[in-house]
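**Student:** My structure is stored as model_13.txt, with compact mmCIF, C-alpha atoms and all ligand atoms.
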# COMPACT_ATOMS: atom_id res chain seq x y z
CA MET A 16 0.00 0.00 0.00
CA THR A 17 1.44 3.34 -1.09
CA ALA A 18 1.20 6.33 1.17
CA LEU A 19 1.30 10.02 0.32
CA THR A 20 2.23 12.61 2.82
CA LEU A 21 0.60 16.08 2.50
CA GLY A 22 0.82 18.79 5.17
CA GLY A 23 2.02 16.31 7.67
CA CYS A 24 -0.87 13.98 7.08
CA ALA A 25 -0.44 10.64 5.41
CA TYR A 26 -3.01 9.53 2.86
CA GLU A 27 -3.46 6.26 1.18
CA TRP A 28 -2.68 6.80 -2.54
CA ASP A 29 -5.63 5.02 -4.00
CA SER A 30 -8.09 7.11 -2.04
CA LEU A 31 -7.10 10.18 -4.14
CA ARG A 32 -7.86 8.58 -7.51
CA PRO A 33 -11.15 9.45 -9.27
CA GLY A 34 -13.83 7.00 -8.41
CA PRO A 35 -13.80 4.69 -5.57
CA ASP A 36 -11.06 2.24 -5.65
CA ALA A 37 -11.34 -0.65 -3.35
CA GLY A 38 -7.66 -0.50 -3.08
CA GLY A 39 -7.48 -4.17 -3.61
CA ALA A 40 -6.24 -6.23 -6.44
CA THR A 41 -9.29 -5.34 -8.49
CA ASP A 42 -10.37 -1.81 -9.35
CA VAL A 43 -14.12 -1.55 -8.84
CA GLY A 44 -14.42 2.21 -9.27
CA THR A 45 -16.47 4.08 -11.83
CA PRO A 46 -15.38 4.41 -14.46
CA ARG A 47 -13.78 1.18 -14.04
CA ASP A 48 -10.14 0.70 -14.77
CA THR A 49 -9.72 -1.98 -17.25
CA ALA A 50 -6.33 -2.96 -16.26
CA ALA A 51 -5.81 -4.76 -13.07
CA ASP A 52 -4.96 -2.69 -10.06
CA THR A 53 -2.01 -4.28 -8.57
CA GLY A 54 -2.37 -2.25 -5.50
CA MET A 55 1.24 -1.60 -5.76
CA MET A 56 3.23 1.46 -6.78
CA THR A 57 1.15 2.37 -9.77
CA ASP A 58 -2.22 1.75 -11.23
CA ALA A 59 -1.24 0.37 -14.60
CA GLY A 60 -4.55 1.28 -16.17
CA ALA A 61 -6.21 4.58 -16.56
CA ASP A 62 -9.72 5.68 -16.23
CA ALA A 63 -11.67 5.95 -19.39
CA ARG A 64 -10.88 9.02 -21.39
CA VAL A 65 -13.39 11.29 -22.84
CA ASP A 66 -13.83 11.10 -26.51
CA GLY A 67 -13.58 14.28 -28.55
CA GLY A 68 -16.80 13.65 -30.42
CA THR A 69 -20.30 14.46 -29.33
CA THR A 70 -21.28 10.90 -28.69
CA ASP A 71 -19.12 7.88 -28.46
CA THR A 72 -20.81 4.93 -29.95
CA GLY A 73 -17.64 3.09 -30.66
CA THR A 74 -15.98 0.42 -28.73
CA THR A 75 -15.25 0.68 -25.07
CA ASP A 76 -12.08 2.37 -24.05
CA THR A 77 -9.68 -0.10 -22.80
CA GLY A 78 -6.38 1.60 -22.35
CA THR A 79 -4.67 4.91 -22.17
CA THR A 80 -5.68 5.74 -25.69
CA ASP A 81 -9.16 5.91 -27.03
CA THR A 82 -9.15 3.78 -30.12
CA GLY A 83 -12.84 3.74 -30.62
CA ALA A 84 -14.58 5.52 -33.44
CA VAL A 85 -15.84 8.98 -32.99
CA ASP A 86 -19.38 9.67 -33.92
CA ALA A 87 -19.95 11.92 -36.91
CA PRO A 88 -21.60 15.19 -36.03
CA ILE A 89 -25.29 15.29 -36.81
CA ALA A 90 -26.01 17.54 -39.77
CA MET A 91 -29.13 19.67 -39.69
CA ASP A 92 -31.57 18.80 -42.44
CA VAL A 93 -32.94 21.81 -44.32
CA ILE A 94 -36.08 21.19 -46.31
CA ASP A 95 -36.61 23.53 -49.23
CA VAL A 96 -40.15 24.90 -49.49
CA PRO A 97 -40.94 26.25 -52.96
CA VAL A 98 -42.62 29.62 -52.94
CA VAL A 99 -45.11 30.29 -55.74
CA ILE A 100 -45.50 33.90 -56.76
CA ASP A 101 -48.47 35.06 -58.79
CA SER A 102 -46.90 37.10 -61.58
CA GLY A 103 -49.98 37.62 -63.69
CA PRO A 104 -51.75 40.96 -64.17
CA PRO A 105 -54.35 42.18 -61.75
CA ASP A 106 -57.52 40.26 -61.34
CA THR A 107 -60.35 42.03 -63.07
CA GLY A 108 -63.09 39.89 -61.65
CA PRO A 109 -64.77 40.19 -58.29
CA ARG A 110 -62.59 39.46 -55.29
CA ASP A 111 -61.54 35.84 -55.33
CA THR A 112 -62.07 33.65 -52.35
CA GLY A 113 -60.40 30.43 -53.42
CA PRO A 114 -56.82 29.29 -53.43
CA MET A 115 -54.21 30.09 -56.03
CA ASP A 116 -55.30 29.46 -59.60
CA THR A 117 -52.62 28.77 -62.16
CA GLY A 118 -54.97 28.09 -65.04
CA PRO A 119 -56.33 30.45 -67.69
CA ARG A 120 -58.48 33.44 -66.89
CA ASP A 121 -62.06 32.99 -66.00
CA THR A 122 -64.44 33.69 -68.79
CA GLY A 123 -67.74 33.21 -67.04
CA PRO A 124 -70.06 35.98 -65.97
CA LEU A 125 -69.14 35.86 -62.33
CA ASP A 126 -65.76 35.02 -60.84
CA THR A 127 -66.13 33.27 -57.54
CA GLY A 128 -63.22 30.91 -58.03
CA PRO A 129 -59.51 31.18 -57.43
CA ARG A 130 -57.39 34.07 -58.49
CA ASP A 131 -56.76 34.51 -62.20
CA THR A 132 -53.26 34.33 -63.55
CA GLY A 133 -53.91 34.57 -67.28
CA PRO A 134 -52.84 37.54 -69.36
CA MET A 135 -56.12 39.12 -70.27
CA ASP A 136 -59.77 38.85 -69.42
CA THR A 137 -61.68 38.30 -72.61
CA GLY A 138 -64.89 37.17 -71.03
CA PRO A 139 -67.99 39.16 -70.26
CA ARG A 140 -67.72 42.46 -68.48
CA ASP A 141 -66.78 42.58 -64.86
CA THR A 142 -69.62 42.78 -62.43
CA GLY A 143 -67.60 43.13 -59.26
CA PRO A 144 -67.30 46.21 -57.11
CA VAL A 145 -63.86 47.32 -58.23
CA ASP A 146 -62.38 47.09 -61.70
CA THR A 147 -58.76 48.08 -61.88
CA GLY A 148 -57.63 45.76 -64.65
CA PRO A 149 -57.47 46.13 -68.39
CA ARG A 150 -60.49 47.50 -70.12
CA ASP A 151 -63.32 45.09 -70.58
CA THR A 152 -63.86 43.68 -74.00
CA GLY A 153 -67.28 42.18 -73.50
CA PRO A 154 -70.38 43.61 -75.13
CA VAL A 155 -72.03 44.95 -72.01
CA ASP A 156 -70.46 46.58 -68.99
CA THR A 157 -72.71 46.14 -66.00
CA GLY A 158 -70.09 46.91 -63.41
CA PRO A 159 -68.51 50.14 -62.26
CA ARG A 160 -66.54 52.36 -64.57
CA ASP A 161 -63.43 50.86 -66.09
CA THR A 162 -60.14 52.35 -65.10
CA GLY A 163 -58.07 50.71 -67.81
CA PRO A 164 -56.84 52.46 -70.93
CA PRO A 165 -59.65 53.98 -72.97
CA PRO A 166 -60.48 52.44 -76.30
CA CYS A 167 -58.17 53.51 -79.03
CA VAL A 168 -59.55 56.18 -81.33
CA GLY A 169 -58.14 58.06 -84.27
CA PRO A 170 -55.76 57.45 -87.11
CA GLN A 171 -52.85 56.57 -84.86
CA CYS A 172 -54.84 53.92 -83.06
CA PRO A 173 -53.46 50.39 -82.93
CA CYS A 174 -55.49 48.55 -85.46
CA ALA A 175 -57.64 45.51 -84.88
CA PRO A 176 -59.84 44.98 -87.89
CA THR A 177 -62.09 42.53 -86.14
CA THR A 178 -63.20 45.04 -83.52
CA PRO A 179 -64.78 48.44 -83.98
CA ALA A 180 -61.98 50.03 -82.00
CA GLY A 181 -59.29 49.47 -84.62
CA TRP A 182 -58.68 51.43 -87.78
CA CYS A 183 -55.83 53.16 -89.54
CA ALA A 184 -55.24 56.36 -91.44
CA ILE A 185 -56.27 56.61 -95.05
CA GLY A 186 -54.12 54.39 -97.19
CA ALA A 187 -52.58 52.52 -94.25
CA ALA A 188 -53.14 48.82 -93.79
CA CYS A 189 -53.30 46.85 -90.60
CA MET A 190 -50.57 44.22 -90.58
CA GLY A 191 -49.89 42.15 -87.52
CA GLY A 192 -51.82 44.58 -85.33
CA THR A 193 -49.89 47.58 -86.61
CA CYS A 194 -50.97 50.28 -89.03
CA VAL A 195 -48.50 50.20 -91.91
CA VAL A 196 -48.46 53.44 -93.83
CA GLY A 197 -49.37 53.02 -97.48
CA PRO A 198 -49.90 55.35 -100.43
CA THR A 199 -52.95 57.56 -100.07
CA ALA A 200 -53.37 57.97 -103.82
CA GLY A 201 -56.18 55.69 -104.85
CA ALA A 202 -56.86 54.53 -101.31
CA LEU A 203 -60.34 56.03 -101.53
CA VAL A 204 -62.36 55.99 -104.74
CA ILE A 205 -65.27 58.30 -105.59
CA THR A 206 -67.93 55.83 -106.67
CA GLU A 207 -71.26 57.66 -106.81
CA ILE A 208 -72.44 61.25 -107.16
CA MET A 209 -75.98 62.43 -106.49
CA ASN A 210 -75.64 65.91 -107.94
CA ASP A 211 -79.16 66.31 -109.31
CA THR A 212 -82.01 65.23 -107.08
CA MET A 213 -85.69 65.10 -107.93
CA ALA A 214 -87.58 63.67 -104.94
CA VAL A 215 -86.03 66.25 -102.63
CA GLY A 216 -84.37 69.57 -103.16
CA ASP A 217 -80.75 69.74 -104.28
CA LEU A 218 -79.80 71.90 -101.35
CA GLY A 219 -80.28 69.12 -98.81
CA GLY A 220 -80.37 66.11 -101.10
CA GLU A 221 -76.90 66.13 -102.66
CA TRP A 222 -74.36 63.57 -101.63
CA PHE A 223 -71.43 61.59 -102.95
CA GLU A 224 -70.03 58.19 -102.06
CA VAL A 225 -66.45 56.98 -101.54
CA TYR A 226 -65.12 53.43 -101.32
CA ASN A 227 -62.32 52.25 -99.04
CA ARG A 228 -60.16 49.96 -101.14
CA VAL A 229 -58.24 48.32 -98.31
CA GLU A 230 -59.44 45.78 -95.78
CA THR A 231 -58.55 48.03 -92.87
CA PRO A 232 -61.19 50.45 -91.61
CA VAL A 233 -60.12 54.08 -91.94
CA ASP A 234 -60.93 57.22 -90.02
CA LEU A 235 -61.82 59.96 -92.49
CA ARG A 236 -61.02 62.79 -90.11
CA GLY A 237 -58.43 65.03 -91.68
CA LEU A 238 -59.65 64.29 -95.19
CA ARG A 239 -60.25 67.47 -97.19
CA VAL A 240 -62.68 67.63 -100.06
CA ARG A 241 -62.50 70.30 -102.72
CA GLY A 242 -65.15 71.26 -105.22
CA ASN A 243 -64.80 73.81 -107.95
CA GLY A 244 -63.69 77.31 -107.19
CA THR A 245 -63.03 77.81 -103.52
CA GLU A 246 -65.38 75.14 -102.24
CA MET A 247 -63.71 72.99 -99.63
CA PHE A 248 -64.43 71.22 -96.40
CA GLU A 249 -62.47 69.05 -94.03
CA VAL A 250 -63.85 66.01 -92.26
CA THR A 251 -63.67 66.79 -88.56
CA GLY A 252 -65.32 65.65 -85.36
CA ALA A 253 -64.80 64.49 -81.83
CA ASN A 254 -65.56 60.94 -82.84
CA PRO A 255 -63.97 58.90 -85.60
CA VAL A 256 -65.64 58.94 -88.97
CA VAL A 257 -65.01 55.36 -89.87
CA VAL A 258 -65.32 53.67 -93.22
CA ALA A 259 -65.28 49.91 -93.00
CA GLY A 260 -62.65 47.97 -94.89
CA ARG A 261 -63.90 47.42 -98.45
CA GLY A 262 -66.84 49.57 -97.42
CA TYR A 263 -68.60 52.72 -98.51
CA ALA A 264 -69.06 56.12 -96.90
CA VAL A 265 -71.64 58.69 -97.88
CA LEU A 266 -70.87 62.38 -97.42
CA GLY A 267 -73.86 64.66 -97.82
CA ALA A 268 -75.20 68.14 -97.56
CA SER A 269 -77.73 67.26 -94.86
CA GLY A 270 -78.09 64.63 -92.18
CA ASP A 271 -81.84 65.11 -92.03
CA THR A 272 -83.39 62.14 -93.80
CA ALA A 273 -86.52 64.15 -94.48
CA MET A 274 -84.40 66.60 -96.44
CA ASN A 275 -81.79 64.34 -97.98
CA GLY A 276 -84.16 61.79 -99.52
CA GLY A 277 -83.71 59.14 -96.82
CA VAL A 278 -79.95 58.65 -96.75
CA VAL A 279 -78.02 57.76 -93.61
CA MET A 280 -74.90 59.89 -93.95
CA THR A 281 -71.46 58.90 -92.81
CA TYR A 282 -70.52 62.57 -92.67
CA VAL A 283 -72.49 65.76 -93.18
CA TYR A 284 -70.59 68.68 -94.66
CA GLY A 285 -73.51 71.09 -95.00
CA SER A 286 -74.89 72.65 -98.13
CA GLY A 287 -72.96 75.83 -97.44
CA ALA A 288 -69.64 74.05 -97.83
CA MET A 289 -70.17 72.49 -101.20
CA ASN A 290 -72.73 72.19 -103.96
CA LEU A 291 -72.72 69.65 -106.75
CA SER A 292 -73.64 71.28 -110.04
CA ASN A 293 -76.24 69.70 -112.27
CA THR A 294 -74.01 70.44 -115.20
CA SER A 295 -70.28 70.23 -114.62
CA ASP A 296 -68.34 69.99 -111.42
CA VAL A 297 -65.36 68.41 -109.73
CA ILE A 298 -64.81 66.52 -106.51
CA THR A 299 -61.26 66.10 -105.21
CA LEU A 300 -60.24 64.12 -102.14
CA VAL A 301 -57.08 65.52 -100.55
CA ALA A 302 -54.93 63.70 -98.03
CA LEU A 303 -53.34 65.22 -94.93
CA ASP A 304 -50.09 65.76 -96.82
CA GLY A 305 -51.88 67.65 -99.58
CA SER A 306 -51.69 64.89 -102.13
CA THR A 307 -54.72 63.89 -104.15
CA ILE A 308 -56.42 60.65 -103.16
CA ASP A 309 -58.95 60.73 -105.97
CA ALA A 310 -60.59 63.29 -108.19
CA VAL A 311 -63.59 63.09 -110.49
CA ALA A 312 -64.51 65.92 -112.86
CA TYR A 313 -67.71 65.51 -114.78
CA PRO A 314 -68.41 67.74 -117.75
CA ALA A 315 -71.72 69.22 -118.84
CA SER A 316 -72.23 66.58 -121.48
CA GLY A 317 -71.06 63.10 -122.28
CA TRP A 318 -71.53 61.74 -118.77
CA PRO A 319 -74.71 60.20 -117.42
CA GLU A 320 -76.94 63.01 -116.24
CA THR A 321 -80.53 62.29 -115.23
CA SER A 322 -82.41 64.26 -112.65
CA GLY A 323 -83.21 61.96 -109.73
CA ARG A 324 -80.52 59.40 -110.62
CA SER A 325 -77.02 59.28 -109.32
CA LYS A 326 -73.93 59.07 -111.44
CA SER A 327 -72.73 55.57 -110.56
CA LEU A 328 -69.29 54.14 -111.20
CA ARG A 329 -69.76 50.77 -112.82
CA PRO A 330 -69.58 48.16 -110.04
CA ALA A 331 -66.69 46.30 -111.60
CA ILE A 332 -64.61 49.47 -111.58
CA LEU A 333 -63.35 50.50 -108.16
CA ASP A 334 -60.31 52.44 -109.24
CA ALA A 335 -59.34 56.07 -108.77
CA SER A 336 -57.81 56.35 -112.23
CA MET A 337 -60.40 54.44 -114.17
CA ASN A 338 -63.20 56.58 -112.74
CA ASP A 339 -61.88 59.56 -114.69
CA VAL A 340 -63.66 58.68 -117.93
CA ALA A 341 -67.33 58.85 -118.91
CA ALA A 342 -67.46 55.23 -120.02
CA ALA A 343 -66.83 54.10 -116.45
CA TRP A 344 -70.10 55.69 -115.28
CA CYS A 345 -73.74 54.80 -115.65
CA PRO A 346 -77.11 56.06 -114.34
CA GLY A 347 -77.68 54.60 -110.90
CA GLY A 348 -80.58 52.73 -109.38
CA PRO A 349 -82.76 51.36 -107.89
CA SER A 350 -85.01 53.82 -106.12
CA PHE A 351 -84.39 54.48 -102.46
CA GLY A 352 -85.92 56.55 -99.68
CA ALA A 353 -88.03 59.36 -101.03
CA GLY A 354 -87.86 58.02 -104.56
CA ASP A 355 -84.60 59.07 -106.14
CA PHE A 356 -82.35 56.40 -107.65
CA GLY A 357 -78.98 55.18 -106.50
CA THR A 358 -77.24 53.07 -103.92
CA PRO A 359 -75.91 55.37 -101.20
CA GLY A 360 -73.57 53.33 -98.99
CA ALA A 361 -73.80 50.16 -101.04
CA ALA A 362 -72.32 48.60 -104.16
CA ASN A 363 -73.47 50.32 -107.30
CA VAL A 364 -76.14 49.21 -109.72
CA CYS A 365 -76.45 50.53 -113.27
CA GLN A 366 -79.99 51.22 -114.46
CA CA B 401 -77.08 69.91 -107.80
CA CA B 402 -60.37 59.80 -110.35
CA CA B 403 -73.23 53.30 -104.29
With the file now loaded, output its structure as C-alpha cells.

**Tutor:**
Amino acid sequence: MTALTLGGCAYEWDSLRPGPDAGGATDVGTPRDTAADTGMMTDAGADARVDGGTTDTGTTDTGTTDTGAVDAPIAMDVIDVPVVIDSGPPDTGPRDTGPMDTGPRDTGPLDTGPRDTGPMDTGPRDTGPVDTGPRDTGPVDTGPRDTGPPPCVGPQCPCAPTTPAGWCAIGAACMGGTCVVGPTAGALVITEIMNDTMAVGDLGGEWFEVYNRVETPVDLRGLRVRGNGTEMFEVTGANPVVVAGRGYAVLGASGDTAMNGGVVMTYVYGSGAMNLSNTSDVITLVALDGSTIDAVAYPASGWPETSGRSKSLRPAILDASMNDVAAAWCPGGPSFGAGDFGTPGAANVCQ
C-alpha cells in the first residue's frame, strides 16, 4: 500500500484517484479501470478518457488511448419549401375567395373561383365592385366604370380589324396589329355622285359616295374635299368617322333624312360648304399631306346626267384612275328613300 504525505498527514494513494477504488487487487471504481490494479506502486490502467466527439458509440475504451470511433456530427436537415409567386396581371373579376389558380383566366359571368393568372380577361364584363384591370372587352359593362386604358380612337390607333376600335389612317393597312403606312393615292375611290335630285331639293339632297379599297377600316377625319372654285371642307369631329374595310361612306349636304331623300350619312358637310352642279363639277379628295387621293370631274355633257338618278361608277370598276372617264359611269338605281335612284352606302347598280 502506497502512502502520500501532505501537510504532515499521510493519505493512502488510492483514495485520491477518481472514483472509488477498493484498493485491492481489483479496481471496482467508476469508471472502471480496465487494467488490473495491482495495488502496488502504480495503477497500470487509466480511467476511461473522454472522446472528442459528441457521442461515443464506438468500442469501449480499454487503455490509455481511445481507439474507438468517434461519432460523426449530426447535420441539420434543411427542407426547401418552394414559394409560388403570382406574376400575372391584376384580377379584373370580383374578389376571389379560393386558393391560387394557375390556369387560364375565368371567362364566365361571375368570378367566384380562385385568383386569375392569365394575361387578359376576354370574357364578359366585370360585375364586381372594383375594376382596376385592363379595359373590358365584353359587349355589355354592368359593373362600375373601367379604369383601364380607354379604347383607341383616331388614325394613330393600334389597329384591330375585327373590332370596332381598330382602324388606320387613309391608305394605311393593318398588318400584324400595326398600321402600316401606305400610299394615299387611290386609297379612296369616288364611286357615286348624287348631284341632281328630284324627290327632294338639291340643297339638302346632294351627296357623294367613296369606297375604301383596303381591308382596314379608316378614319376619315383630316380628309379634305374640294369642289370647284373655292369650295372645300375638311372632315372633322370628336368621334372617328369610320369607313369599313372594303366599305362605302356617304358624305352629304344634310343629315336630315326628311331633307336628304332618306340617306343615312357617314358625314355631313352642309350645303354651305359644297354644292354639286347639275351640269359640270369636280370633286377632289385631298390627303393630310396635300396629295390627291382621288378626283372626279364631270363635264356638262357626255356623262350620265338624269335628274333623280345618281352618277354611278360601274360596279366592276373600283379604281381612282379608271373613274376619270365617262365610259366608267352609268345612271344609278334602284329607287331608295323618297324616290330618287342610286345606292348610297352600297355597291353600285347601273340602271
Ligand atoms: Ca345639284
Ligand atoms: Ca379619279
Ligand atoms: Ca353606291

**Student:** List every residue of chain A that has an atom at most 9 Å from any atom of ligand CA 401 (chain B), giving for each one its closest atom pair and the distance in Å to one decimal, counting only C-alpha atoms and all ligand atoms, sorted by chain and then by ascending residue number, as JSON lines.

**Tutor:**
{"residue": "A:Met209", "atom": "CA", "partner": "B:CA401", "partner_atom": "CA", "distance": 7.7}
{"residue": "A:Asn210", "atom": "CA", "partner": "B:CA401", "partner_atom": "CA", "distance": 4.3}
{"residue": "A:Asp211", "atom": "CA", "partner": "B:CA401", "partner_atom": "CA", "distance": 4.4}
{"residue": "A:Thr212", "atom": "CA", "partner": "B:CA401", "partner_atom": "CA", "distance": 6.8}
{"residue": "A:Gly216", "atom": "CA", "partner": "B:CA401", "partner_atom": "CA", "distance": 8.6}
{"residue": "A:Asp217", "atom": "CA", "partner": "B:CA401", "partner_atom": "CA", "distance": 5.1}
{"residue": "A:Leu218", "atom": "CA", "partner": "B:CA401", "partner_atom": "CA", "distance": 7.3}
{"residue": "A:Gly220", "atom": "CA", "partner": "B:CA401", "partner_atom": "CA", "distance": 8.4}
{"residue": "A:Glu221", "atom": "CA", "partner": "B:CA401", "partner_atom": "CA", "distance": 6.4}
{"residue": "A:Asn290", "atom": "CA", "partner": "B:CA401", "partner_atom": "CA", "distance": 6.2}
{"residue": "A:Leu291", "atom": "CA", "partner": "B:CA401", "partner_atom": "CA", "distance": 4.5}
{"residue": "A:Ser292", "atom": "CA", "partner": "B:CA401", "partner_atom": "CA", "distance": 4.3}
{"residue": "A:Asn293", "atom": "CA", "partner": "B:CA401", "partner_atom": "CA", "distance": 4.6}
{"residue": "A:Thr294", "atom": "CA", "partner": "B:CA401", "partner_atom": "CA", "distance": 8.0}

**Student:** Measuring between only C-alpha atoms and all ligand atoms, which one of A:Ser316, A:Thr206, A:Thr321, A:Asn243 shows the shortest distance to ligand CA 403 (chain B)?

**Tutor:** A:Thr206

**Student:** Let me have all residues with an atom within 8 Å of ligand CA 402 (chain B), counting all atoms listed in the file, laid out as JSON, numbers by chain.

**Tutor:** {"A": [204, 205, 309, 310, 311, 312, 334, 335, 336, 337, 338, 339]}

**Student:** Could you give me, as a tab-separated table (two decimals) with C-alpha atoms, keeping the file's coordinate frame, every polymer residue with an atom at most 9 Å away from an atom of ligand CA 403 (chain B), counting only C-alpha atoms and all ligand atoms?

**Tutor:**
chain	number	residue	atom	x	y	z
A	206	THR	CA	-67.93	55.83	-106.67
A	207	GLU	CA	-71.26	57.66	-106.81
A	208	ILE	CA	-72.44	61.25	-107.16
A	223	PHE	CA	-71.43	61.59	-102.95
A	224	GLU	CA	-70.03	58.19	-102.06
A	225	VAL	CA	-66.45	56.98	-101.54
A	226	TYR	CA	-65.12	53.43	-101.32
A	263	TYR	CA	-68.60	52.72	-98.51
A	264	ALA	CA	-69.06	56.12	-96.90
A	265	VAL	CA	-71.64	58.69	-97.88
A	325	SER	CA	-77.02	59.28	-109.32
A	327	SER	CA	-72.73	55.57	-110.56
A	328	LEU	CA	-69.29	54.14	-111.20
A	330	PRO	CA	-69.58	48.16	-110.04
A	347	GLY	CA	-77.68	54.60	-110.90
A	348	GLY	CA	-80.58	52.73	-109.38
A	357	GLY	CA	-78.98	55.18	-106.50
A	358	THR	CA	-77.24	53.07	-103.92
A	359	PRO	CA	-75.91	55.37	-101.20
A	360	GLY	CA	-73.57	53.33	-98.99
A	361	ALA	CA	-73.80	50.16	-101.04
A	362	ALA	CA	-72.32	48.60	-104.16
A	363	ASN	CA	-73.47	50.32	-107.30
A	364	VAL	CA	-76.14	49.21	-109.72

**Student:** Out of A:Ile298, A:Ala253, A:Ala214, A:Met247, which residue has the shortest atom-to-atom distance to A:Gly277 when counting all atoms listed in the file?

**Tutor:**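 With all atoms listed in the file as the atom set, the closest residue is A:Ala214.
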
**Student:** Kindly output stretch 235-251 of chain A as an mmCIF file, in the coordinates of the input, after building N, CA, C and O atoms.

**Tutor:**
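New file rebuild-v2.cif:
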data_model
loop_
_atom_site.group_PDB
_atom_site.id
_atom_site.type_symbol
_atom_site.label_atom_id
_atom_site.label_comp_id
_atom_site.auth_asym_id
_atom_site.auth_seq_id
_atom_site.Cartn_x
_atom_site.Cartn_y
_atom_site.Cartn_z
ATOM 1 N N LEU A 235 -61.879 58.917 -91.459
ATOM 2 C CA LEU A 235 -61.820 59.960 -92.490
ATOM 3 C C LEU A 235 -61.418 61.329 -91.954
ATOM 4 O O LEU A 235 -61.202 62.258 -92.740
ATOM 5 N N ARG A 236 -61.345 61.461 -90.650
ATOM 6 C CA ARG A 236 -61.020 62.790 -90.110
ATOM 7 C C ARG A 236 -59.665 63.260 -90.642
ATOM 8 O O ARG A 236 -58.690 62.504 -90.667
ATOM 9 N N GLY A 237 -59.636 64.481 -91.067
ATOM 10 C CA GLY A 237 -58.430 65.030 -91.680
ATOM 11 C C GLY A 237 -58.521 65.052 -93.201
ATOM 12 O O GLY A 237 -57.772 65.762 -93.865
ATOM 13 N N LEU A 238 -59.445 64.274 -93.732
ATOM 14 C CA LEU A 238 -59.650 64.290 -95.190
ATOM 15 C C LEU A 238 -60.246 65.639 -95.590
ATOM 16 O O LEU A 238 -61.167 66.142 -94.952
ATOM 17 N N ARG A 239 -59.691 66.228 -96.648
ATOM 18 C CA ARG A 239 -60.250 67.470 -97.190
ATOM 19 C C ARG A 239 -60.860 67.182 -98.553
ATOM 20 O O ARG A 239 -60.312 66.390 -99.339
ATOM 21 N N VAL A 240 -61.978 67.813 -98.793
ATOM 22 C CA VAL A 240 -62.680 67.630 -100.060
ATOM 23 C C VAL A 240 -62.828 68.989 -100.727
ATOM 24 O O VAL A 240 -63.298 69.951 -100.104
ATOM 25 N N ARG A 241 -62.412 69.048 -101.967
ATOM 26 C CA ARG A 241 -62.500 70.300 -102.720
ATOM 27 C C ARG A 241 -63.517 70.153 -103.846
ATOM 28 O O ARG A 241 -63.593 69.095 -104.496
ATOM 29 N N GLY A 242 -64.283 71.193 -104.056
ATOM 30 C CA GLY A 242 -65.150 71.260 -105.220
ATOM 31 C C GLY A 242 -64.539 72.205 -106.226
ATOM 32 O O GLY A 242 -63.320 72.359 -106.281
ATOM 33 N N ASN A 243 -65.370 72.816 -107.035
ATOM 34 C CA ASN A 243 -64.800 73.810 -107.950
ATOM 35 C C ASN A 243 -64.682 75.151 -107.228
ATOM 36 O O ASN A 243 -65.277 75.356 -106.168
ATOM 37 N N GLY A 244 -63.891 76.011 -107.809
ATOM 38 C CA GLY A 244 -63.690 77.310 -107.190
ATOM 39 C C GLY A 244 -63.026 77.169 -105.821
ATOM 40 O O GLY A 244 -62.027 76.459 -105.667
ATOM 41 N N THR A 245 -63.625 77.819 -104.858
ATOM 42 C CA THR A 245 -63.030 77.810 -103.520
ATOM 43 C C THR A 245 -63.726 76.846 -102.576
ATOM 44 O O THR A 245 -63.447 76.846 -101.383
ATOM 45 N N GLU A 246 -64.659 76.074 -103.117
ATOM 46 C CA GLU A 246 -65.380 75.140 -102.240
ATOM 47 C C GLU A 246 -64.407 74.133 -101.611
ATOM 48 O O GLU A 246 -63.594 73.501 -102.312
ATOM 49 N N MET A 247 -64.535 73.983 -100.317
ATOM 50 C CA MET A 247 -63.710 72.990 -99.630
ATOM 51 C C MET A 247 -64.257 72.737 -98.242
ATOM 52 O O MET A 247 -64.807 73.639 -97.615
ATOM 53 N N PHE A 248 -64.155 71.515 -97.804
ATOM 54 C CA PHE A 248 -64.430 71.220 -96.400
ATOM 55 C C PHE A 248 -63.474 70.130 -95.934
ATOM 56 O O PHE A 248 -62.886 69.403 -96.746
ATOM 57 N N GLU A 249 -63.314 70.080 -94.619
ATOM 58 C CA GLU A 249 -62.470 69.050 -94.030
ATOM 59 C C GLU A 249 -63.330 68.199 -93.113
ATOM 60 O O GLU A 249 -64.181 68.723 -92.383
ATOM 61 N N VAL A 250 -63.109 66.913 -93.134
ATOM 62 C CA VAL A 250 -63.850 66.010 -92.260
ATOM 63 C C VAL A 250 -63.272 66.150 -90.845
ATOM 64 O O VAL A 250 -62.085 65.899 -90.623
ATOM 65 N N THR A 251 -64.103 66.592 -89.935
ATOM 66 C CA THR A 251 -63.670 66.790 -88.560
ATOM 67 C C THR A 251 -64.682 66.147 -87.620
ATOM 68 O O THR A 251 -65.721 65.655 -88.046
#
